[in-house]
Amino acid sequence: MNTQIERTHSEPAAPVAGESAASFKLTPAQRHVCEKLETLLAVTPIVALAGADGFGRSAILDTLARKYQGKRISLRDVTAATAARGPDVSDAAIGALILDALEHADLVLVDDFGTLSFDTSAIRLQYFARVVRKHIYDTVAKSGKRLVLAGRLPVQWESSTDLYGDAAAMVDMPLFTPNDYAAIAENILGPAKAAGIDFQLVYRFASMLNGHQLRAACKLVEADPAPSATTFIEQLERYVVNSNARLDEVEALSFDSLPGSEHIAAQLDTHLVLPLKNRELAQRLDLKPKRGVLLYGPPGTGKTSIGRALAHRIEGKFFLIDGSFVTEPPTVFFAKLQGVIEEAKRNSPAVLFIDDADVLFRIEHISGLARYLLSLLDGLESETANNVCVMMTAMDVRKIPDALLRSGRVELWLETRAPDEDTRAQILKRWMSTDLPGHASIDYALLARSTEGFTPADLRRIAGDAKSLYAADRIKQRSPASGTDYAKRAIDAVVATRSSMATTLGDESLRVGEDRPKGKYAKGVGGTAALDSCGACGW
């Protein structure tokens, strides 16, 4: 090589498992990286290639190794060398492999550099700083040879003067574009089959797929004589793309089972579900799901239930962030948060559901959360992330930072409120056990009149308490009452408890039911007054 790297573009890329060397081609993004590496290697002795797994790092290294008769060192080589020398000298084995390769080749390319050692701590990086600077870097600089260090942990390439020397340069692996999706499909399915798949549509469905995911989907449709974007996406949804919320772990609720939520369901269907589920129409009309949605209202009015219903509506693409994420130190919280966000982007279209956001914003040691979400919402405008919607819930909308509520960020406000009398009757009917005596003749109109100021959560509790009262009579062998009587006794118990709380705390708005002050909004059992506005009515 002798310090000269001349770029050519006629060499075929390295094959991957399942493809032949004659037909395999790098994707446009991979070719661009390859050209950048060649340009930099012509003027600097050491180049770092950083990128996540699955975007063609190894294929690029193989291409350069073959093109310039270089030596590629892989994880397999290091494993074999380490086994021969003992488990505690893996770093020494890596250093020896690199030095040995530099004696026999003008270009050495080290793959999986970020994961080659058993020890990925700062001690390992300090070791490599010494090895690379004192031995490898000096060898490269004096001999005119070239070294590429590639890995999947970008943090190891930051502030890396000690590790690579002043002359080191860095290249990042970009995410794939629709053209890259098409190129990978051509390698696996052949040009004719790949041409029948609209990868603009596939990309709109999932814009952050890696090569492993695309290859798996291609293999799943390989037997189809004429695969389409629809069949390709179906295979992605069924076998490849996953979320962090399994449907069997999310309560099976639908909007139909949430009386009073019809308006909210209609808004979410129009502005969120439609663009996500009707891909061809959304692409034709350039429709994008709302980036930000706020569900606000008193506790117990169904915000979380609406989120669960939405999770089922979009078939499980649902990523939950709640108080369980709050940890000490705050760096752990933001690391966990970033992990979920990246997973949502990789599995887009997706909903990132932030429960009780107004409470999270008031936690002092994660005070940077609002700024973090501002950056996230602004970043969701980009082509690779615009299929992620952030849905926040809040009991008090006044606790949400103003900057988040500006147009273009949280764009859809949906208020949940305590249900009216007709809706209360429907909710009680939804949850009341069919095992109660006289279930078919329960007087829901009477019960609804007795539960003024009750939230949906309160009403669900009433249904459960009525069943418990019936079970107690069964165990004590008392004559059973009617379902209406059990429900009324449960209601009276809640009314009495809330009356006692109102007297003790001096807050008359705590009273509910027949004890509730007339002409005022009462608080639900959670303790926050409903907002009196003409906005969307929820439940």
# chains A, B, ... in the order shown; residues from 1 in each chain; ligands from 1

$ residues_around --residues "Cys389 of chain A" --least-positions-apart "2" --cutoff "9 Å" --atoms "only C-alpha atoms" --output "MDAnalysis selection string"
chainID A and resid 272 289:293 349:353 377 380 386:387 391

$ write_last_selection --atoms "N, CA, C and O atoms" --output "mmCIF file, in the first residue's frame"
data_model
loop_
_atom_site.group_PDB
_atom_site.id
_atom_site.type_symbol
_atom_site.label_atom_id
_atom_site.label_comp_id
_atom_site.auth_asym_id
_atom_site.auth_seq_id
_atom_site.Cartn_x
_atom_site.Cartn_y
_atom_site.Cartn_z
ATOM 1 N N LEU A 272 -54.000 9.585 14.637
ATOM 2 C CA LEU A 272 -52.900 8.695 14.993
ATOM 3 C C LEU A 272 -53.020 7.332 14.332
ATOM 4 O O LEU A 272 -52.112 6.894 13.627
ATOM 5 N N PRO A 289 -48.685 10.682 11.601
ATOM 6 C CA PRO A 289 -49.345 10.699 12.912
ATOM 7 C C PRO A 289 -48.878 11.888 13.735
ATOM 8 O O PRO A 289 -47.752 12.369 13.575
ATOM 9 N N LYS A 290 -49.747 12.380 14.590
ATOM 10 C CA LYS A 290 -49.379 13.484 15.460
ATOM 11 C C LYS A 290 -48.174 13.084 16.306
ATOM 12 O O LYS A 290 -48.112 11.989 16.849
ATOM 13 N N ARG A 291 -47.231 14.006 16.404
ATOM 14 C CA ARG A 291 -46.039 13.701 17.192
ATOM 15 C C ARG A 291 -46.318 13.667 18.683
ATOM 16 O O ARG A 291 -45.700 12.918 19.423
ATOM 17 N N GLY A 292 -47.238 14.525 19.156
ATOM 18 C CA GLY A 292 -47.504 14.613 20.582
ATOM 19 C C GLY A 292 -48.986 14.625 20.887
ATOM 20 O O GLY A 292 -49.760 15.322 20.229
ATOM 21 N N VAL A 293 -49.403 13.838 21.883
ATOM 22 C CA VAL A 293 -50.791 13.787 22.335
ATOM 23 C C VAL A 293 -50.790 13.933 23.848
ATOM 24 O O VAL A 293 -49.973 13.315 24.543
ATOM 25 N N PRO A 349 -43.920 2.225 13.116
ATOM 26 C CA PRO A 349 -44.629 3.227 13.905
ATOM 27 C C PRO A 349 -44.921 2.736 15.319
ATOM 28 O O PRO A 349 -45.200 1.562 15.533
ATOM 29 N N ALA A 350 -44.846 3.644 16.279
ATOM 30 C CA ALA A 350 -44.997 3.256 17.676
ATOM 31 C C ALA A 350 -45.524 4.425 18.482
ATOM 32 O O ALA A 350 -45.444 5.578 18.071
ATOM 33 N N VAL A 351 -46.060 4.113 19.647
ATOM 34 C CA VAL A 351 -46.512 5.115 20.607
ATOM 35 C C VAL A 351 -45.634 5.012 21.847
ATOM 36 O O VAL A 351 -45.475 3.936 22.420
ATOM 37 N N LEU A 352 -45.055 6.140 22.239
ATOM 38 C CA LEU A 352 -44.274 6.235 23.461
ATOM 39 C C LEU A 352 -45.192 6.853 24.515
ATOM 40 O O LEU A 352 -45.509 8.036 24.458
ATOM 41 N N PHE A 353 -45.654 6.035 25.467
ATOM 42 C CA PHE A 353 -46.690 6.441 26.423
ATOM 43 C C PHE A 353 -46.029 6.839 27.733
ATOM 44 O O PHE A 353 -45.443 6.002 28.421
ATOM 45 N N LEU A 377 -39.288 15.586 20.743
ATOM 46 C CA LEU A 377 -40.413 15.966 19.892
ATOM 47 C C LEU A 377 -39.942 16.727 18.662
ATOM 48 O O LEU A 377 -40.450 16.518 17.561
ATOM 49 N N LEU A 380 -38.512 14.281 16.180
ATOM 50 C CA LEU A 380 -39.448 13.370 15.531
ATOM 51 C C LEU A 380 -39.940 13.900 14.195
ATOM 52 O O LEU A 380 -40.657 13.207 13.476
ATOM 53 N N ASN A 386 -40.378 10.022 12.182
ATOM 54 C CA ASN A 386 -41.681 10.674 12.261
ATOM 55 C C ASN A 386 -42.844 9.702 12.429
ATOM 56 O O ASN A 386 -43.985 10.118 12.398
ATOM 57 N N ASN A 387 -42.581 8.429 12.618
ATOM 58 C CA ASN A 387 -43.653 7.478 12.897
ATOM 59 C C ASN A 387 -43.727 7.102 14.373
ATOM 60 O O ASN A 387 -44.310 6.086 14.725
ATOM 61 N N MET A 391 -47.285 10.101 23.647
ATOM 62 C CA MET A 391 -48.554 10.342 24.332
ATOM 63 C C MET A 391 -48.271 10.513 25.824
ATOM 64 O O MET A 391 -47.687 9.634 26.457
#

$ atom_distance --atom1 "atom CA of Gly144 of chain A" --atom2 "atom CA of Val43 of chain A"
10.4 Å

$ closest_residue --among "A:His104, A:Arg204, A:His32, A:Arg66" --to "Arg346 of chain A" --atoms "only C-alpha atoms"
A:Arg204

$ select_by_dssp --residues "segment 268-420 of chain A" --states "alpha helix (DSSP H)" --output "JSON, numbers by chain"
{"A": [268, 274, 275, 276, 277, 279, 280, 281, 282, 283, 284, 285, 303, 304, 305, 306, 307, 308, 309, 310, 311, 312, 313, 330, 331, 332, 333, 334, 335, 336, 337, 338, 339, 340, 341, 342, 343, 344, 345, 346, 357, 358, 359, 360, 361, 369, 370, 371, 372, 373, 374, 375, 376, 377, 378, 379]}

$ write_last_selection --atoms "C-alpha atoms" --output "compact mmCIF listing (two decimals), in the first residue's frame"
# COMPACT_ATOMS: atom_id res chain seq x y z
CA LEU A 268 -57.05 9.19 18.05
CA LEU A 274 -55.27 6.19 10.46
CA PRO A 275 -51.75 7.26 9.37
CA LEU A 276 -50.23 4.23 11.08
CA LYS A 277 -52.65 1.58 9.85
CA ARG A 279 -50.13 3.10 4.96
CA GLU A 280 -50.87 3.46 1.25
CA LEU A 281 -53.47 6.20 1.78
CA ALA A 282 -51.22 7.98 4.27
CA GLN A 283 -48.33 7.89 1.81
CA ARG A 284 -50.49 9.19 -1.02
CA LEU A 285 -51.84 12.08 1.07
CA LYS A 303 -56.39 7.97 30.84
CA THR A 304 -54.43 4.77 31.33
CA SER A 305 -57.33 2.68 30.03
CA ILE A 306 -57.37 4.77 26.87
CA GLY A 307 -53.64 4.14 26.52
CA ARG A 308 -54.18 0.40 26.88
CA ALA A 309 -56.99 0.50 24.35
CA LEU A 310 -54.72 2.36 21.96
CA ALA A 311 -52.01 -0.29 22.48
CA HIS A 312 -54.43 -2.93 21.23
CA ARG A 313 -55.72 -0.69 18.48
CA PRO A 330 -30.64 10.50 37.29
CA THR A 331 -28.16 9.27 34.68
CA VAL A 332 -29.67 5.81 35.05
CA PHE A 333 -33.16 7.21 34.44
CA PHE A 334 -32.12 8.97 31.25
CA ALA A 335 -30.19 5.92 30.06
CA LYS A 336 -33.30 3.75 30.52
CA LEU A 337 -35.45 6.41 28.87
CA GLN A 338 -33.11 6.66 25.89
CA GLY A 339 -33.12 2.89 25.53
CA VAL A 340 -36.92 2.78 25.28
CA ILE A 341 -36.96 5.71 22.85
CA GLU A 342 -34.44 4.05 20.56
CA GLU A 343 -36.43 0.82 20.70
CA ALA A 344 -39.59 2.73 19.76
CA LYS A 345 -37.79 4.32 16.81
CA ARG A 346 -36.47 0.97 15.64
CA ALA A 357 -46.02 13.24 33.02
CA ASP A 358 -47.00 16.19 35.24
CA VAL A 359 -45.78 14.24 38.26
CA LEU A 360 -42.50 13.27 36.57
CA PHE A 361 -41.81 16.92 35.65
CA LEU A 369 -36.90 15.64 31.51
CA ALA A 370 -38.82 18.54 29.95
CA ARG A 371 -35.81 19.67 27.91
CA TYR A 372 -35.16 16.05 26.94
CA LEU A 373 -38.72 15.64 25.63
CA LEU A 374 -38.49 18.98 23.77
CA SER A 375 -35.48 17.67 21.89
CA LEU A 376 -37.24 14.36 21.28
CA LEU A 377 -40.41 15.97 19.89
CA ASP A 378 -38.42 18.32 17.67
CA GLY A 379 -36.35 15.39 16.44

$ residues_around --residues "Leu414 of chain A" --least-positions-apart "6" --cutoff "7 Å" --atoms "only C-alpha atoms" --output "number ranges by chain"
A: 264, 294-296, 536

$ write_last_selection --atoms "N, CA and C atoms" --output "short mmCIF file (atom, residue, chain, number, x, y, z; two decimals), in the first residue's frame"
data_model
loop_
_atom_site.label_atom_id
_atom_site.label_comp_id
_atom_site.auth_asym_id
_atom_site.auth_seq_id
_atom_site.Cartn_x
_atom_site.Cartn_y
_atom_site.Cartn_z
N ILE A 264 -62.83 10.83 22.15
CA ILE A 264 -61.39 10.63 22.22
C ILE A 264 -60.95 9.55 21.24
N LEU A 294 -51.70 14.76 24.38
CA LEU A 294 -51.84 14.93 25.82
C LEU A 294 -53.24 14.51 26.25
N LEU A 295 -53.31 13.54 27.15
CA LEU A 295 -54.55 13.15 27.82
C LEU A 295 -54.53 13.77 29.21
N TYR A 296 -55.46 14.66 29.49
CA TYR A 296 -55.43 15.32 30.79
C TYR A 296 -56.80 15.27 31.45
N ALA A 536 -62.93 18.32 24.67
CA ALA A 536 -63.38 16.96 24.37
C ALA A 536 -63.85 16.28 25.64
#

$ select_by_dssp --residues "segment 232-372 of chain A" --states "strand (DSSP E or B)" --output "ChimeraX atom specification"
/A:292-296,318-321,350-354

$ write_last_selection --atoms "all heavy atoms" --output "CSV table (one decimal), in the first residue's frame"
chain,number,residue,atom,x,y,z
A,292,GLY,N,-47.2,14.5,19.2
A,292,GLY,CA,-47.5,14.6,20.6
A,292,GLY,C,-49.0,14.6,20.9
A,292,GLY,O,-49.8,15.3,20.2
A,293,VAL,N,-49.4,13.8,21.9
A,293,VAL,CA,-50.8,13.8,22.3
A,293,VAL,C,-50.8,13.9,23.8
A,293,VAL,O,-50.0,13.3,24.5
A,293,VAL,CB,-51.5,12.5,21.9
A,293,VAL,CG1,-52.9,12.4,22.5
A,293,VAL,CG2,-51.5,12.3,20.4
A,294,LEU,N,-51.7,14.8,24.4
A,294,LEU,CA,-51.8,14.9,25.8
A,294,LEU,C,-53.2,14.5,26.2
A,294,LEU,O,-54.2,15.0,25.7
A,294,LEU,CB,-51.6,16.4,26.2
A,294,LEU,CG,-51.9,16.8,27.7
A,294,LEU,CD1,-50.8,16.0,28.6
A,294,LEU,CD2,-51.8,18.3,27.9
A,295,LEU,N,-53.3,13.5,27.2
A,295,LEU,CA,-54.6,13.2,27.8
A,295,LEU,C,-54.5,13.8,29.2
A,295,LEU,O,-53.7,13.4,30.0
A,295,LEU,CB,-54.7,11.6,27.9
A,295,LEU,CG,-54.8,10.8,26.7
A,295,LEU,CD1,-54.8,9.3,27.0
A,295,LEU,CD2,-56.1,11.2,26.0
A,296,TYR,N,-55.5,14.7,29.5
A,296,TYR,CA,-55.4,15.3,30.8
A,296,TYR,C,-56.8,15.3,31.4
A,296,TYR,O,-57.8,15.3,30.8
A,296,TYR,CB,-55.0,16.8,30.7
A,296,TYR,CG,-55.9,17.7,29.9
A,296,TYR,CD1,-56.8,18.5,30.6
A,296,TYR,CD2,-55.9,17.8,28.5
A,296,TYR,CE1,-57.6,19.4,30.0
A,296,TYR,CE2,-56.8,18.6,27.9
A,296,TYR,CZ,-57.6,19.4,28.6
A,296,TYR,OH,-58.5,20.3,27.9
A,318,PHE,N,-46.4,-0.3,21.5
A,318,PHE,CA,-46.7,0.5,22.7
A,318,PHE,C,-45.5,0.5,23.7
A,318,PHE,O,-45.2,-0.6,24.1
A,318,PHE,CB,-48.0,0.0,23.3
A,318,PHE,CG,-48.5,0.8,24.5
A,318,PHE,CD1,-49.1,2.0,24.3
A,318,PHE,CD2,-48.3,0.3,25.8
A,318,PHE,CE1,-49.6,2.7,25.4
A,318,PHE,CE2,-48.8,1.0,26.9
A,318,PHE,CZ,-49.4,2.3,26.7
A,319,PHE,N,-44.9,1.6,23.9
A,319,PHE,CA,-43.8,1.7,24.8
A,319,PHE,C,-44.1,2.5,26.0
A,319,PHE,O,-44.4,3.7,25.9
A,319,PHE,CB,-42.6,2.2,24.0
A,319,PHE,CG,-42.1,1.3,22.9
A,319,PHE,CD1,-42.8,1.3,21.7
A,319,PHE,CD2,-41.1,0.4,23.1
A,319,PHE,CE1,-42.4,0.4,20.7
A,319,PHE,CE2,-40.7,-0.5,22.1
A,319,PHE,CZ,-41.3,-0.5,20.9
A,320,LEU,N,-44.0,2.0,27.2
A,320,LEU,CA,-44.5,2.6,28.4
A,320,LEU,C,-43.4,3.2,29.2
A,320,LEU,O,-42.4,2.5,29.5
A,320,LEU,CB,-45.3,1.6,29.3
A,320,LEU,CG,-45.8,2.1,30.6
A,320,LEU,CD1,-46.8,3.3,30.5
A,320,LEU,CD2,-46.4,1.0,31.4
A,321,ILE,N,-43.5,4.4,29.6
A,321,ILE,CA,-42.6,5.1,30.6
A,321,ILE,C,-43.4,5.6,31.7
A,321,ILE,O,-44.4,6.4,31.5
A,321,ILE,CB,-41.8,6.2,29.9
A,321,ILE,CG1,-40.9,5.7,28.9
A,321,ILE,CG2,-41.0,7.0,31.0
A,321,ILE,CD1,-40.2,6.7,28.0
A,350,ALA,N,-44.8,3.6,16.3
A,350,ALA,CA,-45.0,3.3,17.7
A,350,ALA,C,-45.5,4.4,18.5
A,350,ALA,O,-45.4,5.6,18.1
A,350,ALA,CB,-43.7,2.8,18.2
A,351,VAL,N,-46.1,4.1,19.6
A,351,VAL,CA,-46.5,5.1,20.6
A,351,VAL,C,-45.6,5.0,21.8
A,351,VAL,O,-45.5,3.9,22.4
A,351,VAL,CB,-48.0,4.9,21.0
A,351,VAL,CG1,-48.4,5.8,22.1
A,351,VAL,CG2,-48.9,5.2,19.8
A,352,LEU,N,-45.1,6.1,22.2
A,352,LEU,CA,-44.3,6.2,23.5
A,352,LEU,C,-45.2,6.9,24.5
A,352,LEU,O,-45.5,8.0,24.5
A,352,LEU,CB,-43.0,7.1,23.2
A,352,LEU,CG,-42.0,7.2,24.3
A,352,LEU,CD1,-41.3,5.8,24.5
A,352,LEU,CD2,-41.0,8.2,24.0
A,353,PHE,N,-45.7,6.0,25.5
A,353,PHE,CA,-46.7,6.4,26.4
A,353,PHE,C,-46.0,6.8,27.7
A,353,PHE,O,-45.4,6.0,28.4
A,353,PHE,CB,-47.7,5.3,26.6
A,353,PHE,CG,-48.9,5.6,27.4
A,353,PHE,CD1,-50.0,6.1,26.7
A,353,PHE,CD2,-49.0,5.5,28.8
A,353,PHE,CE1,-51.2,6.5,27.4
A,353,PHE,CE2,-50.1,5.8,29.5
A,353,PHE,CZ,-51.2,6.3,28.8
A,354,ILE,N,-46.1,8.1,28.1
A,354,ILE,CA,-45.5,8.7,29.3
A,354,ILE,C,-46.6,8.9,30.3
A,354,ILE,O,-47.4,9.9,30.2
A,354,ILE,CB,-44.7,9.9,29.1
A,354,ILE,CG1,-43.6,9.7,28.0
A,354,ILE,CG2,-44.0,10.4,30.3
A,354,ILE,CD1,-42.9,10.9,27.6

$ atom_distance --atom1 "atom CA of Pro456 of chain A" --atom2 "atom CA of Leu428 of chain A"
8.6 Å

$ closest_residue --among "A:Glu38, A:Asp473, A:Asp180, A:Asp53" --to "His212 of chain A" --atoms "only C-alpha atoms"
A:Asp53

$ residues_around --residues "segment 429-440 of chain A" --least-positions-apart "2" --cutoff "7 Å" --atoms "only C-alpha atoms" --output "PDB file with N, CA, C and O atoms, in the first residue's frame"
ATOM      1  N   ALA A 425     -74.091   4.688  34.118  1.00  0.00           N
ATOM      2  CA  ALA A 425     -74.887   3.457  34.022  1.00  0.00           C
ATOM      3  C   ALA A 425     -74.220   2.465  33.076  1.00  0.00           C
ATOM      4  O   ALA A 425     -74.155   1.252  33.368  1.00  0.00           O
ATOM      5  N   GLN A 426     -73.713   2.946  31.958  1.00  0.00           N
ATOM      6  CA  GLN A 426     -73.044   2.058  31.004  1.00  0.00           C
ATOM      7  C   GLN A 426     -71.782   1.442  31.600  1.00  0.00           C
ATOM      8  O   GLN A 426     -71.482   0.261  31.380  1.00  0.00           O
ATOM      9  N   ILE A 427     -71.015   2.246  32.346  1.00  0.00           N
ATOM     10  CA  ILE A 427     -69.772   1.734  32.936  1.00  0.00           C
ATOM     11  C   ILE A 427     -70.087   0.664  33.983  1.00  0.00           C
ATOM     12  O   ILE A 427     -69.432  -0.388  34.039  1.00  0.00           O
ATOM     13  N   ILE A 442     -80.712  -5.739  37.557  1.00  0.00           N
ATOM     14  CA  ILE A 442     -80.062  -4.675  38.336  1.00  0.00           C
ATOM     15  C   ILE A 442     -80.562  -3.322  37.843  1.00  0.00           C
ATOM     16  O   ILE A 442     -80.635  -3.065  36.643  1.00  0.00           O
ATOM     17  N   ARG A 460     -65.807   1.122  38.731  1.00  0.00           N
ATOM     18  CA  ARG A 460     -65.253  -0.236  38.610  1.00  0.00           C
ATOM     19  C   ARG A 460     -65.036  -0.834  40.004  1.00  0.00           C
ATOM     20  O   ARG A 460     -65.260  -2.025  40.226  1.00  0.00           O
ATOM     21  N   ALA A 463     -68.334  -2.154  41.394  1.00  0.00           N
ATOM     22  CA  ALA A 463     -68.666  -3.472  40.853  1.00  0.00           C
ATOM     23  C   ALA A 463     -67.898  -4.566  41.587  1.00  0.00           C
ATOM     24  O   ALA A 463     -68.453  -5.636  41.918  1.00  0.00           O
ATOM     25  N   LYS A 467     -69.407  -7.537  44.389  1.00  0.00           N
ATOM     26  CA  LYS A 467     -69.119  -8.972  44.285  1.00  0.00           C
ATOM     27  C   LYS A 467     -68.533  -9.498  45.596  1.00  0.00           C
ATOM     28  O   LYS A 467     -68.841 -10.621  46.027  1.00  0.00           O
ATOM     29  N   SER A 482     -80.144  -8.861  46.447  1.00  0.00           N
ATOM     30  CA  SER A 482     -80.122  -8.691  44.988  1.00  0.00           C
ATOM     31  C   SER A 482     -78.848  -7.969  44.571  1.00  0.00           C
ATOM     32  O   SER A 482     -78.171  -7.311  45.378  1.00  0.00           O
ATOM     33  N   GLY A 483     -78.534  -8.103  43.293  1.00  0.00           N
ATOM     34  CA  GLY A 483     -77.374  -7.402  42.761  1.00  0.00           C
ATOM     35  C   GLY A 483     -77.461  -5.901  42.975  1.00  0.00           C
ATOM     36  O   GLY A 483     -76.455  -5.240  43.281  1.00  0.00           O
TER      37      GLY A 483
END

$ residues_around --residues "Gln69 of chain A" --least-positions-apart "5" --cutoff "9 Å" --atoms "only C-alpha atoms" --output "PyMOL selection string"
chain A and resi 1+64+105-107

$ write_last_selection --atoms "all heavy atoms" --output "tab-separated table (two decimals), in the first residue's frame"
chain	number	residue	atom	x	y	z
A	1	MET	N	0.82	-1.19	0.00
A	1	MET	CA	0.00	0.00	0.00
A	1	MET	C	0.86	1.25	0.00
A	1	MET	O	0.62	2.20	-0.74
A	1	MET	CB	-0.92	-0.02	1.21
A	1	MET	CG	-1.90	1.13	1.25
A	1	MET	SD	-3.07	0.93	2.60
A	1	MET	CE	-3.94	-0.53	2.08
A	64	LEU	N	-12.89	-3.80	1.58
A	64	LEU	CA	-11.59	-3.12	1.57
A	64	LEU	C	-10.44	-4.11	1.69
A	64	LEU	O	-9.39	-3.94	1.04
A	64	LEU	CB	-11.54	-2.11	2.72
A	64	LEU	CG	-12.47	-0.90	2.60
A	64	LEU	CD1	-12.41	-0.04	3.85
A	64	LEU	CD2	-12.10	-0.06	1.37
A	105	ALA	N	0.67	-7.36	6.11
A	105	ALA	CA	-0.28	-6.67	5.23
A	105	ALA	C	-0.13	-5.17	5.41
A	105	ALA	O	0.20	-4.68	6.49
A	105	ALA	CB	-1.71	-7.10	5.54
A	106	ASP	N	-0.38	-4.43	4.33
A	106	ASP	CA	-0.31	-2.97	4.40
A	106	ASP	C	-1.56	-2.36	5.01
A	106	ASP	O	-1.54	-1.22	5.49
A	106	ASP	CB	-0.13	-2.38	2.99
A	106	ASP	CG	1.25	-2.68	2.43
A	106	ASP	OD1	2.17	-2.90	3.25
A	106	ASP	OD2	1.40	-2.70	1.19
A	107	LEU	N	-2.67	-3.10	4.98
A	107	LEU	CA	-3.93	-2.61	5.55
A	107	LEU	C	-4.47	-3.67	6.49
A	107	LEU	O	-4.68	-4.82	6.10
A	107	LEU	CB	-4.95	-2.32	4.44
A	107	LEU	CG	-6.35	-1.95	4.91
A	107	LEU	CD1	-6.35	-0.63	5.68
A	107	LEU	CD2	-7.32	-1.86	3.71

$ atom_distance --atom1 "atom CA of Ala418 of chain A" --atom2 "atom CA of Arg406 of chain A"
26.7 Å
